[in-house]
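Containing compact mmCIF, C-alpha atoms and all ligand atoms: query13.txt.
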```txt
# COMPACT_ATOMS: atom_id res chain seq x y z
CA MET B 41 -2.89 -30.47 23.65
CA ARG B 42 -2.09 -27.09 25.19
CA SER B 43 -4.05 -23.91 24.67
CA TRP B 44 -2.32 -20.73 23.45
CA ARG B 45 -3.29 -19.36 26.89
CA ASP B 46 -0.77 -21.77 28.44
CA LEU B 47 2.12 -20.16 26.60
CA PRO B 48 4.42 -17.99 28.72
CA ALA B 49 3.97 -14.22 28.54
CA PRO B 50 6.24 -11.29 29.44
CA ALA B 51 5.22 -9.07 32.33
CA ALA B 52 2.06 -7.11 31.51
CA LEU B 53 0.75 -3.86 32.96
CA PRO B 54 -2.59 -4.09 34.75
CA GLY B 55 -5.39 -2.81 32.56
CA SER B 56 -3.47 -2.41 29.29
CA GLY B 57 -2.01 -5.91 28.90
CA HIS B 58 1.02 -5.53 26.66
CA LEU B 59 -0.30 -2.64 24.55
CA LEU B 60 1.47 0.10 26.47
CA ARG B 61 4.78 -1.74 26.64
CA TRP B 62 4.48 -2.57 22.92
CA SER B 63 3.88 1.05 22.01
CA ARG B 64 6.77 2.29 24.19
CA ALA B 65 9.52 -0.34 23.84
CA PRO B 66 8.52 -3.31 21.66
CA LEU B 67 12.06 -4.69 21.25
CA ALA B 68 12.52 -5.03 25.01
CA LEU B 69 9.12 -6.74 25.21
CA LEU B 70 10.03 -9.18 22.42
CA GLU B 71 13.42 -9.91 23.97
CA GLU B 72 11.81 -10.60 27.33
CA GLY B 73 9.32 -12.93 25.67
CA ALA B 74 12.04 -14.81 23.76
CA ARG B 75 13.85 -15.47 27.03
CA LEU B 76 10.73 -17.34 28.23
CA GLY B 77 10.74 -19.78 25.33
CA PRO B 78 10.60 -20.18 21.55
CA MET B 79 6.89 -19.23 21.59
CA PHE B 80 5.15 -16.77 23.82
CA ARG B 81 1.89 -14.88 23.89
CA LEU B 82 1.08 -11.19 24.04
CA GLN B 83 -2.01 -9.62 25.60
CA PHE B 84 -3.36 -7.46 22.80
CA GLY B 85 -7.06 -8.07 23.40
CA VAL B 86 -7.08 -10.81 20.72
CA PRO B 87 -5.14 -14.09 20.83
CA ALA B 88 -1.60 -13.09 19.80
CA VAL B 89 1.49 -15.30 19.66
CA VAL B 90 5.12 -14.65 18.76
CA GLY B 91 7.49 -17.40 17.68
CA SER B 92 11.21 -17.12 17.12
CA CYS B 93 12.12 -20.75 16.32
CA PHE B 94 12.83 -21.85 12.78
CA THR B 95 9.89 -24.28 12.65
CA TRP B 96 7.48 -21.41 13.36
CA ASN B 97 9.14 -19.09 10.86
CA LYS B 98 9.00 -21.76 8.19
CA ARG B 99 5.35 -22.62 8.83
CA LEU B 100 4.23 -18.99 8.94
CA LEU B 101 6.10 -18.09 5.77
CA THR B 102 5.16 -21.14 3.71
CA ASP B 103 1.56 -21.93 4.73
CA LEU B 104 0.03 -18.91 2.98
CA ASP B 105 -3.41 -20.41 2.96
CA THR B 106 -3.55 -20.36 6.76
CA PHE B 107 -1.29 -17.42 7.68
CA ARG B 108 -2.99 -14.51 5.97
CA SER B 109 -2.01 -10.88 5.47
CA ALA B 110 -5.57 -9.59 5.64
CA GLY B 111 -5.98 -8.49 9.26
CA SER B 112 -2.22 -8.11 9.80
CA PHE B 113 -0.57 -4.94 11.15
CA SER B 114 0.05 -3.66 7.57
CA ARG B 115 -3.69 -3.03 7.39
CA MET B 116 -3.30 -0.27 9.98
CA VAL B 117 -0.84 1.75 7.89
CA PRO B 118 -2.42 3.31 4.78
CA TYR B 119 0.99 3.36 3.07
CA LEU B 120 1.18 -0.44 3.18
CA SER B 121 -2.49 -1.31 3.18
CA GLY B 122 -3.16 -2.66 -0.29
CA GLY B 123 -1.69 -4.16 -3.42
CA ILE B 124 0.50 -7.22 -3.13
CA ILE B 125 1.08 -6.65 0.60
CA LEU B 126 -2.54 -7.41 1.45
CA THR B 127 -3.20 -9.92 -1.33
CA ASP B 128 -3.65 -13.43 0.04
CA ALA B 129 -3.72 -16.96 -1.37
CA PRO B 130 -4.77 -18.01 -3.95
CA ALA B 131 -4.48 -14.62 -5.73
CA HIS B 132 -1.05 -13.88 -4.28
CA LYS B 133 0.94 -16.38 -6.32
CA PRO B 134 -0.06 -15.24 -9.86
CA ARG B 135 0.15 -11.59 -8.79
CA ARG B 136 3.69 -12.09 -7.48
CA ALA B 137 4.62 -13.89 -10.70
CA ASP B 138 3.61 -10.73 -12.63
CA LEU B 139 5.50 -8.44 -10.25
CA ASN B 140 8.59 -10.63 -9.90
CA ARG B 141 9.56 -9.99 -13.52
CA PRO B 142 10.25 -6.22 -13.28
CA PHE B 143 11.87 -6.70 -9.84
CA GLY B 144 13.85 -9.82 -10.73
CA PRO B 145 17.65 -10.10 -10.97
CA GLN B 146 17.74 -9.75 -14.78
CA ALA B 147 15.68 -6.56 -14.70
CA MET B 148 18.20 -5.03 -12.29
CA THR B 149 20.92 -5.03 -14.93
CA ALA B 150 18.89 -2.55 -16.97
CA LEU B 151 18.36 -0.31 -13.92
CA ARG B 152 21.97 -0.20 -12.73
CA ALA B 153 23.15 2.55 -15.10
CA ARG B 154 20.19 4.75 -14.14
CA VAL B 155 20.93 4.29 -10.44
CA GLN B 156 24.62 5.06 -10.98
CA ALA B 157 23.73 8.25 -12.85
CA ALA B 158 21.49 9.33 -9.97
CA LEU B 159 24.46 9.07 -7.60
CA HIS B 160 26.66 11.26 -9.75
CA GLY B 161 28.34 13.96 -7.66
CA GLU B 162 27.01 12.43 -4.43
CA PRO B 163 30.06 11.08 -2.55
CA PRO B 164 30.50 13.46 0.35
CA ARG B 165 33.84 14.78 1.65
CA GLY B 166 34.52 15.58 5.27
CA PRO B 167 32.03 14.89 8.08
CA PHE B 168 28.46 13.98 7.14
CA ASP B 169 25.43 12.36 8.77
CA ALA B 170 25.14 8.92 7.16
CA LEU B 171 21.43 8.77 8.01
CA ALA B 172 20.59 12.05 6.27
CA TRP B 173 22.82 11.13 3.31
CA ALA B 174 21.26 7.67 3.01
CA ASP B 175 17.81 9.23 3.09
CA ARG B 176 18.63 11.64 0.27
CA VAL B 177 20.39 9.20 -2.02
CA THR B 178 17.83 6.42 -1.51
CA LEU B 179 15.07 8.80 -2.56
CA ARG B 180 17.06 9.83 -5.60
CA MET B 181 17.95 6.24 -6.56
CA LEU B 182 14.35 5.08 -6.20
CA ASN B 183 13.19 8.03 -8.31
CA ALA B 184 15.70 6.97 -10.97
CA ALA B 185 14.74 3.27 -10.87
CA TYR B 186 10.97 3.79 -10.82
CA PHE B 187 10.52 7.01 -12.77
CA SER B 188 13.77 7.82 -14.58
CA GLY B 189 14.01 10.73 -12.12
CA ASP B 190 10.75 12.30 -13.40
CA PHE B 191 8.80 12.25 -10.09
CA ASP B 192 8.70 15.61 -8.30
CA GLU B 193 11.38 15.13 -5.62
CA GLY B 194 9.66 17.45 -3.10
CA LEU B 195 6.39 15.52 -3.42
CA LEU B 196 8.14 12.17 -3.10
CA HIS B 197 9.89 13.37 0.04
CA ALA B 198 6.64 14.75 1.51
CA PHE B 199 4.88 11.47 0.74
CA LEU B 200 7.46 9.23 2.43
CA ALA B 201 8.44 11.44 5.39
CA PRO B 202 5.57 10.47 7.79
CA LEU B 203 6.59 6.81 7.58
CA ARG B 204 9.72 7.63 9.57
CA HIS B 205 7.81 8.99 12.56
CA PRO B 206 6.69 6.98 15.59
CA PHE B 207 3.11 5.74 15.73
CA PRO B 208 0.44 6.92 15.28
CA THR B 209 1.82 9.33 12.61
CA PRO B 210 2.30 6.69 9.85
CA ALA B 211 -1.18 5.30 10.51
CA LEU B 212 -3.03 8.62 10.05
CA PRO B 213 -5.08 9.03 6.86
CA ARG B 214 -3.64 11.61 4.43
CA PRO B 215 -6.24 11.83 1.66
CA ALA B 216 -4.97 15.09 0.08
CA LEU B 217 -1.33 13.99 -0.03
CA PHE B 218 -2.21 10.52 -1.33
CA ALA B 219 -4.44 12.07 -4.01
CA ARG B 220 -1.56 14.30 -5.21
CA VAL B 221 0.76 11.29 -5.34
CA ARG B 222 -1.85 9.27 -7.22
CA ARG B 223 -2.28 12.08 -9.78
CA GLU B 224 1.48 12.34 -10.31
CA LEU B 225 1.78 8.55 -10.65
CA ASN B 226 -1.08 8.38 -13.13
CA ARG B 227 0.40 11.22 -15.19
CA LEU B 228 3.79 9.50 -15.39
CA ALA B 229 2.19 6.09 -16.06
CA GLU B 230 0.06 7.44 -18.93
CA ARG B 231 3.14 8.99 -20.48
CA ARG B 232 4.88 5.61 -20.38
CA LEU B 233 1.88 3.79 -21.85
CA LEU B 234 1.88 6.25 -24.75
CA HIS B 235 5.59 6.61 -25.37
CA GLY B 236 7.09 3.46 -23.82
CA GLY B 237 10.04 3.38 -21.43
CA ASP B 238 12.05 0.86 -19.45
CA ASP B 239 11.94 2.13 -15.87
CA LEU B 240 9.97 0.25 -13.20
CA LEU B 241 6.84 2.36 -13.68
CA ALA B 242 6.84 1.57 -17.40
CA HIS B 243 6.57 -2.13 -16.52
CA LEU B 244 4.12 -1.68 -13.64
CA ALA B 245 1.83 0.63 -15.66
CA ARG B 246 1.00 -2.27 -17.99
CA LEU B 247 -0.39 -4.38 -15.10
CA PRO B 248 -3.91 -3.85 -13.75
CA GLY B 249 -3.45 -2.05 -10.43
CA GLY B 250 0.22 -1.54 -11.26
CA VAL B 251 0.21 2.14 -10.32
CA GLN B 252 -0.96 1.25 -6.81
CA GLU B 253 1.80 -1.38 -6.61
CA ALA B 254 4.29 1.36 -7.44
CA ARG B 255 3.04 3.51 -4.58
CA ILE B 256 2.93 0.64 -2.06
CA SER B 257 6.32 -0.80 -2.97
CA LEU B 258 7.95 2.65 -2.83
CA ALA B 259 6.68 2.98 0.73
CA ALA B 260 7.91 -0.54 1.56
CA GLY B 261 11.31 0.14 0.01
CA HIS B 262 12.36 3.60 1.07
CA ASP B 263 13.02 3.52 4.81
CA THR B 264 14.09 -0.12 4.78
CA THR B 265 16.86 0.69 2.30
CA THR B 266 17.75 4.03 3.90
CA HIS B 267 18.22 2.49 7.34
CA THR B 268 20.26 -0.44 6.06
CA LEU B 269 22.51 1.93 4.13
CA ALA B 270 23.05 4.25 7.10
CA TRP B 271 23.82 1.43 9.54
CA THR B 272 26.17 -0.25 7.07
CA ILE B 273 28.13 2.98 6.59
CA TRP B 274 28.35 3.40 10.36
CA HIS B 275 29.74 -0.13 10.80
CA LEU B 276 32.10 0.15 7.84
CA ALA B 277 33.56 3.28 9.43
CA GLN B 278 34.36 1.18 12.49
CA HIS B 279 35.46 -1.98 10.69
CA PRO B 280 37.53 -0.63 7.78
CA GLN B 281 38.75 -4.11 6.82
CA TRP B 282 35.29 -4.60 5.24
CA PHE B 283 35.36 -1.28 3.40
CA THR B 284 36.54 -2.86 0.15
CA PRO B 285 34.66 -3.83 -3.03
CA GLU B 286 34.53 -7.47 -1.83
CA GLY B 287 33.69 -6.59 1.78
CA LEU B 288 30.56 -4.58 1.06
CA ARG B 289 28.16 -7.50 0.50
CA PRO B 290 29.07 -9.40 3.71
CA ALA B 291 28.93 -6.10 5.61
CA VAL B 292 25.42 -5.45 4.30
CA ARG B 293 24.34 -8.99 5.18
CA GLU B 294 25.65 -8.64 8.72
CA THR B 295 24.03 -5.22 9.11
CA LEU B 296 20.72 -6.75 8.01
CA ARG B 297 21.16 -9.52 10.58
CA LEU B 298 21.75 -7.13 13.46
CA TYR B 299 19.24 -4.51 12.36
CA PRO B 300 16.56 -6.00 10.10
CA PRO B 301 14.37 -3.02 9.12
CA GLY B 302 11.45 -5.46 8.86
CA TRP B 303 11.89 -6.35 12.53
CA MET B 304 8.52 -8.02 12.88
CA GLY B 305 6.00 -9.53 10.48
CA SER B 306 2.38 -10.27 11.24
CA ARG B 307 -0.32 -12.57 9.89
CA ARG B 308 -3.83 -13.68 10.91
CA LEU B 309 -4.85 -17.32 11.17
CA HIS B 310 -7.52 -18.18 8.65
CA ARG B 311 -8.37 -21.44 10.47
CA ASP B 312 -7.59 -23.25 13.73
CA VAL B 313 -4.03 -24.60 13.83
CA THR B 314 -2.19 -26.99 16.09
CA PHE B 315 1.46 -26.01 16.14
CA GLU B 316 3.85 -28.23 18.12
CA GLY B 317 1.07 -29.29 20.45
CA VAL B 318 -0.38 -25.79 20.98
CA HIS B 319 -3.89 -25.00 19.78
CA LEU B 320 -4.16 -21.61 18.06
CA PRO B 321 -7.70 -20.52 17.18
CA ARG B 322 -8.76 -18.95 13.88
CA GLY B 323 -8.21 -15.17 14.05
CA THR B 324 -5.03 -15.45 16.14
CA LEU B 325 -2.52 -12.71 15.43
CA ALA B 326 0.65 -14.61 14.49
CA LEU B 327 3.95 -12.74 14.66
CA TYR B 328 7.44 -13.67 13.51
CA SER B 329 10.51 -11.58 14.17
CA PRO B 330 13.57 -11.42 11.90
CA TYR B 331 15.14 -9.40 14.74
CA LEU B 332 14.71 -12.10 17.40
CA SER B 333 15.61 -15.01 15.13
CA ALA B 334 18.83 -13.35 13.98
CA ARG B 335 19.98 -12.70 17.54
CA ASP B 336 19.10 -16.08 19.04
CA PRO B 337 22.15 -17.05 21.13
CA GLY B 338 21.30 -20.73 20.55
CA LEU B 339 21.80 -20.28 16.80
CA TRP B 340 24.42 -17.55 16.38
CA SER B 341 27.81 -17.15 18.03
CA ALA B 342 28.38 -13.71 19.59
CA PRO B 343 24.99 -12.62 18.20
CA THR B 344 25.26 -8.95 19.16
CA GLN B 345 28.65 -8.44 17.51
CA PHE B 346 29.29 -7.21 13.97
CA ARG B 347 31.11 -10.13 12.33
CA PRO B 348 30.51 -10.28 8.56
CA GLU B 349 32.83 -13.28 8.31
CA ARG B 350 30.07 -15.43 9.80
CA PHE B 351 28.52 -15.43 6.32
CA GLU B 352 31.41 -17.51 4.98
CA GLN B 353 29.09 -20.29 6.15
CA ALA B 354 25.42 -20.57 5.29
CA PRO B 355 23.22 -19.03 8.01
CA PRO B 356 20.99 -21.36 10.05
CA PRO B 357 17.86 -22.23 8.02
CA TRP B 358 14.81 -20.00 8.57
CA ALA B 359 16.69 -17.87 11.11
CA TYR B 360 18.15 -15.22 8.80
CA LEU B 361 15.09 -13.48 7.41
CA PRO B 362 15.84 -9.79 6.76
CA PHE B 363 13.78 -10.08 3.57
CA GLY B 364 11.23 -12.52 4.97
CA GLY B 365 10.98 -15.83 3.12
CA GLY B 366 8.86 -18.17 1.05
CA GLU B 367 6.49 -16.88 -1.60
CA ARG B 368 6.09 -13.54 0.19
CA VAL B 369 9.82 -12.88 0.30
CA CYS B 370 10.54 -9.17 -0.20
CA LEU B 371 9.59 -8.10 -3.70
CA GLY B 372 12.36 -5.48 -3.69
CA MET B 373 15.21 -7.67 -2.43
CA HIS B 374 17.25 -7.44 -5.64
CA LEU B 375 16.46 -3.75 -6.01
CA ALA B 376 17.52 -3.08 -2.41
CA HIS B 377 20.83 -4.89 -2.97
CA LEU B 378 21.40 -2.93 -6.18
CA LEU B 379 20.79 0.41 -4.43
CA LEU B 380 22.90 -0.51 -1.39
CA ASP B 381 25.72 -1.81 -3.53
CA GLU B 382 25.83 1.27 -5.78
CA ALA B 383 25.52 3.78 -2.95
CA LEU B 384 28.29 2.10 -0.92
CA ARG B 385 30.55 1.86 -3.95
CA THR B 386 30.45 5.62 -4.46
CA LEU B 387 31.97 5.98 -0.98
CA LEU B 388 34.97 3.75 -1.71
CA GLY B 389 38.19 5.55 -2.59
CA ALA B 390 38.54 7.60 0.60
CA PRO B 391 38.70 6.27 4.19
CA LEU B 392 35.68 6.45 6.49
CA THR B 393 35.89 7.12 10.21
CA ALA B 394 33.07 7.23 12.73
CA CYS B 395 32.76 10.63 14.49
CA GLN B 396 29.74 10.52 16.75
CA GLY B 397 26.27 9.07 16.65
CA ASP B 398 23.60 6.91 18.16
CA PRO B 399 23.03 3.60 16.35
CA THR B 400 20.45 2.35 18.91
CA PRO B 401 17.63 0.66 17.00
CA ARG B 402 14.31 2.50 17.15
CA PRO B 403 11.32 0.44 16.04
CA GLY B 404 8.58 2.11 14.04
CA VAL B 405 7.00 0.85 10.84
CA THR B 406 10.61 -0.14 10.12
CA LEU B 407 13.58 -0.45 12.44
CA GLY B 408 15.88 2.56 12.14
CA PRO B 409 18.85 4.02 13.99
CA ALA B 410 18.14 6.73 16.55
CA GLY B 411 20.81 8.77 14.74
CA PRO B 412 22.48 10.93 13.76
CA LEU B 413 25.38 8.80 12.53
CA VAL B 414 28.14 11.25 11.75
CA VAL B 415 31.10 9.81 9.85
CA GLN B 416 34.06 11.47 8.16
CA ARG B 417 35.05 10.63 4.61
CA GLY B 418 38.60 11.48 3.58
C1 LIG B 501 16.97 -3.41 2.74
C2 LIG B 501 15.78 -3.16 2.25
C3 LIG B 501 14.54 -3.99 2.51
C4 LIG B 501 14.23 -4.83 3.54
C5 LIG B 501 15.10 -5.17 4.75
C6 LIG B 501 12.92 -5.37 3.29
C7 LIG B 501 12.26 -6.29 4.11
C8 LIG B 501 11.09 -6.93 3.78
C9 LIG B 501 10.48 -8.00 4.54
C10 LIG B 501 11.02 -8.57 5.86
C11 LIG B 501 9.36 -8.39 3.90
C12 LIG B 501 8.41 -9.51 4.32
C13 LIG B 501 7.41 -8.99 5.31
C14 LIG B 501 6.50 -10.09 5.85
O1 LIG B 501 6.80 -11.29 5.77
O2 LIG B 501 5.49 -9.71 6.44
C15 LIG B 501 9.22 -7.55 2.74
C16 LIG B 501 8.17 -7.61 1.86
C17 LIG B 501 8.00 -6.71 0.82
N1 LIG B 501 8.91 -5.76 0.40
FE1 LIG B 501 10.71 -5.37 1.20
N2 LIG B 501 12.44 -4.82 2.13
C18 LIG B 501 13.40 -3.99 1.61
C19 LIG B 501 13.33 -3.25 0.46
C20 LIG B 501 12.26 -3.24 -0.39
C21 LIG B 501 12.20 -2.52 -1.61
C22 LIG B 501 13.32 -1.67 -2.23
C23 LIG B 501 10.97 -2.71 -2.12
C24 LIG B 501 10.47 -2.14 -3.43
C25 LIG B 501 9.92 -2.91 -4.33
C26 LIG B 501 10.24 -3.61 -1.23
C27 LIG B 501 8.95 -4.06 -1.39
C28 LIG B 501 8.36 -5.08 -0.64
C29 LIG B 501 7.03 -5.59 -0.91
C30 LIG B 501 6.05 -5.09 -1.97
C31 LIG B 501 6.81 -6.63 0.01
C32 LIG B 501 5.56 -7.51 0.15
C33 LIG B 501 5.73 -8.77 -0.67
C34 LIG B 501 4.57 -9.73 -0.58
O3 LIG B 501 3.82 -9.71 0.40
O4 LIG B 501 4.43 -10.54 -1.53
N3 LIG B 501 11.07 -3.89 -0.18
N4 LIG B 501 10.30 -6.69 2.67
```

structure tokens encoding of this file:
Amino acid sequence: MRSWRDLPAPAALPGSGHLLRWSRAPLALLEEGARLGPMFRLQFGVPAVVGSCFTWNKRLLTDLDTFRSAGSFSRMVPYLSGGIILTDAPAHKPRRADLNRPFGPQAMTALRARVQAALHGEPPRGPFDALAWADRVTLRMLNAAYFSGDFDEGLLHAFLAPLRHPFPTPALPRPALFARVRRELNRLAERRLLHGGDDLLAHLARLPGGVQEARISLAAGHDTTTHTLAWTIWHLAQHPQWFTPEGLRPAVRETLRLYPPGWMGSRRLHRDVTFEGVHLPRGTLALYSPYLSARDPGLWSAPTQFRPERFEQAPPPWAYLPFGGGERVCLGMHLAHLLLDEALRTLLGAPLTACQGDPTPRPGVTLGPAGPLVVQRG
């Protein structure tokens, strides 16, 4: 049996291991590691391994008893540190069952009209920055879906804005801002408990801890959806053959393959594990990367090119993971598709052309385009 120490590792800087490279350019570090093999190690001061093969992805995403969220990177970001995101087995399964109902495909039908109303008057004319537009409409659509538009838009914006910044900004504690958000959420939740309602908060307010789940899932859902929307618009402007009602879904899927906002997921090992002959001790930081797996040249043809037609065939198993997989698959997957679908539909009806922009992926809490992404409509 091999030790995790025998795994290959990308070049490290003396003194800081991989920490400095990770903080400056994590995608380049991951790509270098993936070139060394399907599993590699990182020098983070604790045992840390990254896998990009499907067997690793499957094991990490299905063995919830061993691969735990407590102790993962989410713990370091107060926005994501709590609720379902940090709930582990055995409590995770029943909690997800409660949450899956309001976020399930049937529930989306009831939300669609609200989301459409929130987009009223939104389709821009002339040149516009797709990133700024996506940011604004995603906030508005989420406000409609969660709160029927009742949440103070300025406060919602102020709450979510730090998430977009590079580290350490999203990791800093913000007690005053979080307290204001909590007060606003509680006020709106109490109103729904008294008078009823059918937005997401009305459903969440009935669950113990549901108000916290609203706050956490909003943080998980805003930038992820914004970035996907912006990148999809940018690609549609360059590949107009997909800018049709039928082309939008494959275009979104391909955008999510190339630029998965959840570019890396982390877990902690709850016990010693032997994976494909390698011994990984309890406490190991275990990473999987939807970004690496979806660009693996052994699995995808022309992996760096935008080719939505590749989805005419099923993607390789456990290699296309923009929403993760298994029991912890993204809670907001159906909601994200609803928002993306509705926002993109409002743009149909006038041609899009790309003007100028920088789509280079910038990793932070989520992967986003460097921007701006200026496109012309009409
Ligand atoms: C295009 C948009 C989105 C993308 C690409 C995305 C991606 C992901 C990924 C990759 C995971 C799994 C992370 C892991 O395995 O560590 C995840 C989990 C999660 N997402 Fe999303 N997400 C999106 C939108 C949303 C939205 C709109 C919500 C709002 C409800 C949301 C809420 C969550 C939550 C609460 C989890 C944790 C689920 C659990 O641990 O059981 N996401 N998402």

Could I get the residues of region 85-162 of chain B with an atom no further than 10 Å from an atom of region 184-190 of chain B, each paired with its nearest atom pair and that distance in Å to one decimal, using all atoms listed in the file, sorted by chain and residue number, as CSV?
```
residue,atom,partner,partner_atom,distance
B:Met148,CA,B:Ala185,CA,9.1
B:Ala150,CA,B:Ala185,CA,9.4
B:Leu151,CA,B:Ala185,CA,5.9
B:Arg152,CA,B:Ala185,CA,8.2
B:Ala153,CA,B:Ala185,CA,9.4
B:Arg154,CA,B:Ala184,CA,5.9
B:Val155,CA,B:Ala184,CA,5.9
B:Gln156,CA,B:Ala184,CA,9.1
B:Ala157,CA,B:Ala184,CA,8.3
B:Ala158,CA,B:Ala184,CA,6.3
B:Leu159,CA,B:Ala184,CA,9.6
```

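Separating CA of Arg222 (chain B) from CA of Tyr119 (chain B) is a distance of 12.2 Å.
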
Write out, as JSON lines, each residue of region 80-116 of chain B that has an atom at most 8 Å from region 310-331 of chain B, together with the closest pair of atoms and their distance in Å to one decimal, counting all atoms listed in the file, rows going by chain and rising number.
```
{"residue": "B:Val86", "atom": "CA", "partner": "B:Thr324", "partner_atom": "CA", "distance": 6.8}
{"residue": "B:Pro87", "atom": "CA", "partner": "B:Thr324", "partner_atom": "CA", "distance": 4.9}
{"residue": "B:Ala88", "atom": "CA", "partner": "B:Leu325", "partner_atom": "CA", "distance": 4.5}
{"residue": "B:Val89", "atom": "CA", "partner": "B:Ala326", "partner_atom": "CA", "distance": 5.3}
{"residue": "B:Val90", "atom": "CA", "partner": "B:Leu327", "partner_atom": "CA", "distance": 4.7}
{"residue": "B:Gly91", "atom": "CA", "partner": "B:Tyr328", "partner_atom": "CA", "distance": 5.6}
{"residue": "B:Ser92", "atom": "CA", "partner": "B:Tyr328", "partner_atom": "CA", "distance": 6.3}
{"residue": "B:Trp96", "atom": "CA", "partner": "B:Tyr328", "partner_atom": "CA", "distance": 7.7}
{"residue": "B:Asn97", "atom": "CA", "partner": "B:Tyr328", "partner_atom": "CA", "distance": 6.3}
{"residue": "B:Leu100", "atom": "CA", "partner": "B:Tyr328", "partner_atom": "CA", "distance": 7.7}
{"residue": "B:Asp105", "atom": "CA", "partner": "B:His310", "partner_atom": "CA", "distance": 7.4}
{"residue": "B:Thr106", "atom": "CA", "partner": "B:His310", "partner_atom": "CA", "distance": 4.9}
{"residue": "B:Phe107", "atom": "CA", "partner": "B:His310", "partner_atom": "CA", "distance": 6.4}
{"residue": "B:Arg108", "atom": "CA", "partner": "B:His310", "partner_atom": "CA", "distance": 6.4}
{"residue": "B:Ser112", "atom": "CA", "partner": "B:Leu325", "partner_atom": "CA", "distance": 7.3}
```

Gap from CA of Asp398 (chain B) to CA of Pro50 (chain B) - Å, one decimal: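 That distance, rounded to one decimal, is 27.6 Å.
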
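Distance check against ligand LIG 501 (chain B) using all atoms listed in the file: of B:Leu70, B:Leu195, B:Leu339, B:Leu380, the minimum falls on B:Leu380.
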
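Residues with any atom within 7 Å of region 372-376 of chain B, counting all atoms listed in the file and excluding same-chain neighbours fewer than 4 positions away, are Phe143, Gly144, Pro145, Met148, Gly261, Thr265, Phe363 and Leu380 of chain B.
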
All residues 10 Å or closer to region 161-167 of chain B, only C-alpha atoms, same chain fewer than 4 positions away omitted, as a CSV table (one decimal) with C-alpha atoms, keeping the file's coordinate frame:
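Wrote part_10.csv, looks like this:
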```csv
chain,number,residue,atom,x,y,z
B,157,ALA,CA,23.7,8.2,-12.8
B,173,TRP,CA,22.8,11.1,3.3
B,176,ARG,CA,18.6,11.6,0.3
B,177,VAL,CA,20.4,9.2,-2.0
B,383,ALA,CA,25.5,3.8,-3.0
B,384,LEU,CA,28.3,2.1,-0.9
B,385,ARG,CA,30.6,1.9,-4.0
B,386,THR,CA,30.4,5.6,-4.5
B,387,LEU,CA,32.0,6.0,-1.0
B,388,LEU,CA,35.0,3.8,-1.7
B,389,GLY,CA,38.2,5.6,-2.6
B,390,ALA,CA,38.5,7.6,0.6
B,392,LEU,CA,35.7,6.4,6.5
B,393,THR,CA,35.9,7.1,10.2
B,394,ALA,CA,33.1,7.2,12.7
B,395,CYS,CA,32.8,10.6,14.5
B,396,GLN,CA,29.7,10.5,16.8
B,414,VAL,CA,28.1,11.2,11.8
B,415,VAL,CA,31.1,9.8,9.8
B,416,GLN,CA,34.1,11.5,8.2
B,417,ARG,CA,35.0,10.6,4.6
B,418,GLY,CA,38.6,11.5,3.6
```

Counting only C-alpha atoms and all ligand atoms, the option among B:Ser257, B:Gln252, B:Thr344, B:Thr284 closest to ligand LIG 501 (chain B):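 Of B:Ser257, B:Gln252, B:Thr344, B:Thr284, the one nearest ligand LIG 501 (chain B) is B:Ser257, counting only C-alpha atoms and all ligand atoms.
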
Å distance separating CA of Leu53 (chain B) from CA of Pro213 (chain B), one decimal place: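 We find that CA of Leu53 (chain B) and CA of Pro213 (chain B) lie 29.7 Å from each other.
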
Counting all atoms listed in the file, the option among B:Leu101, B:Arg347, B:His275, B:Cys93 closest to Cys370 (chain B):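 Among the listed residues, the smallest separation from Cys370 (chain B) belongs to B:Leu101.
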
Contacts with ligand LIG 501 (chain B) at most 8 Å, only C-alpha atoms and all ligand atoms counted, listed as a ChimeraX atom specification: /B:101,109,123-127,132,136,143,182,253-254,256-269,296,300-307,330,361-365,367-377,380

Counting all atoms listed in the file, the residue of B:Lys133, B:Glu224, B:Leu203, B:Leu379 that sits nearest Arg289 (chain B): B:Leu379

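Near region 192-194 of chain B, within 8 Å and counting only C-alpha atoms, sit Leu179, Arg180, Asn183, Asp190, Leu196, His197 and Ala198 of chain B, not including residues fewer than 2 positions from it in the same chain.
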
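Proximity ranking of B:Phe113, B:Pro142, B:Ala334, B:Phe207 relative to Ser63 (chain B) places B:Phe207 first, based on only C-alpha atoms.
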
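When all atoms listed in the file are used to measure the gap to Ala65 (chain B), the shortest distance among B:Pro248, B:Gly237, B:Pro412, B:Pro206 belongs to B:Pro206.
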
Neighbours of point (1.7, 16.2, -0.9) within 7 Å, using all atoms listed in the file, written as a list of chain:residue names: B:Leu195, B:Ala198, B:Phe199, B:Ala216, B:Leu217, B:Phe218, B:Arg220, B:Val221

Please return the centre and edge lengths, in Å to one decimal, of a box with edges along x, y and z that contains all listed atoms of region 63-69 of chain B, widened by 4 Å on every side, as JSON.
```
{"center_x": 8.2, "center_y": -2.2, "center_z": 23.2, "size_x": 16.6, "size_y": 17.0, "size_z": 12.0}
```
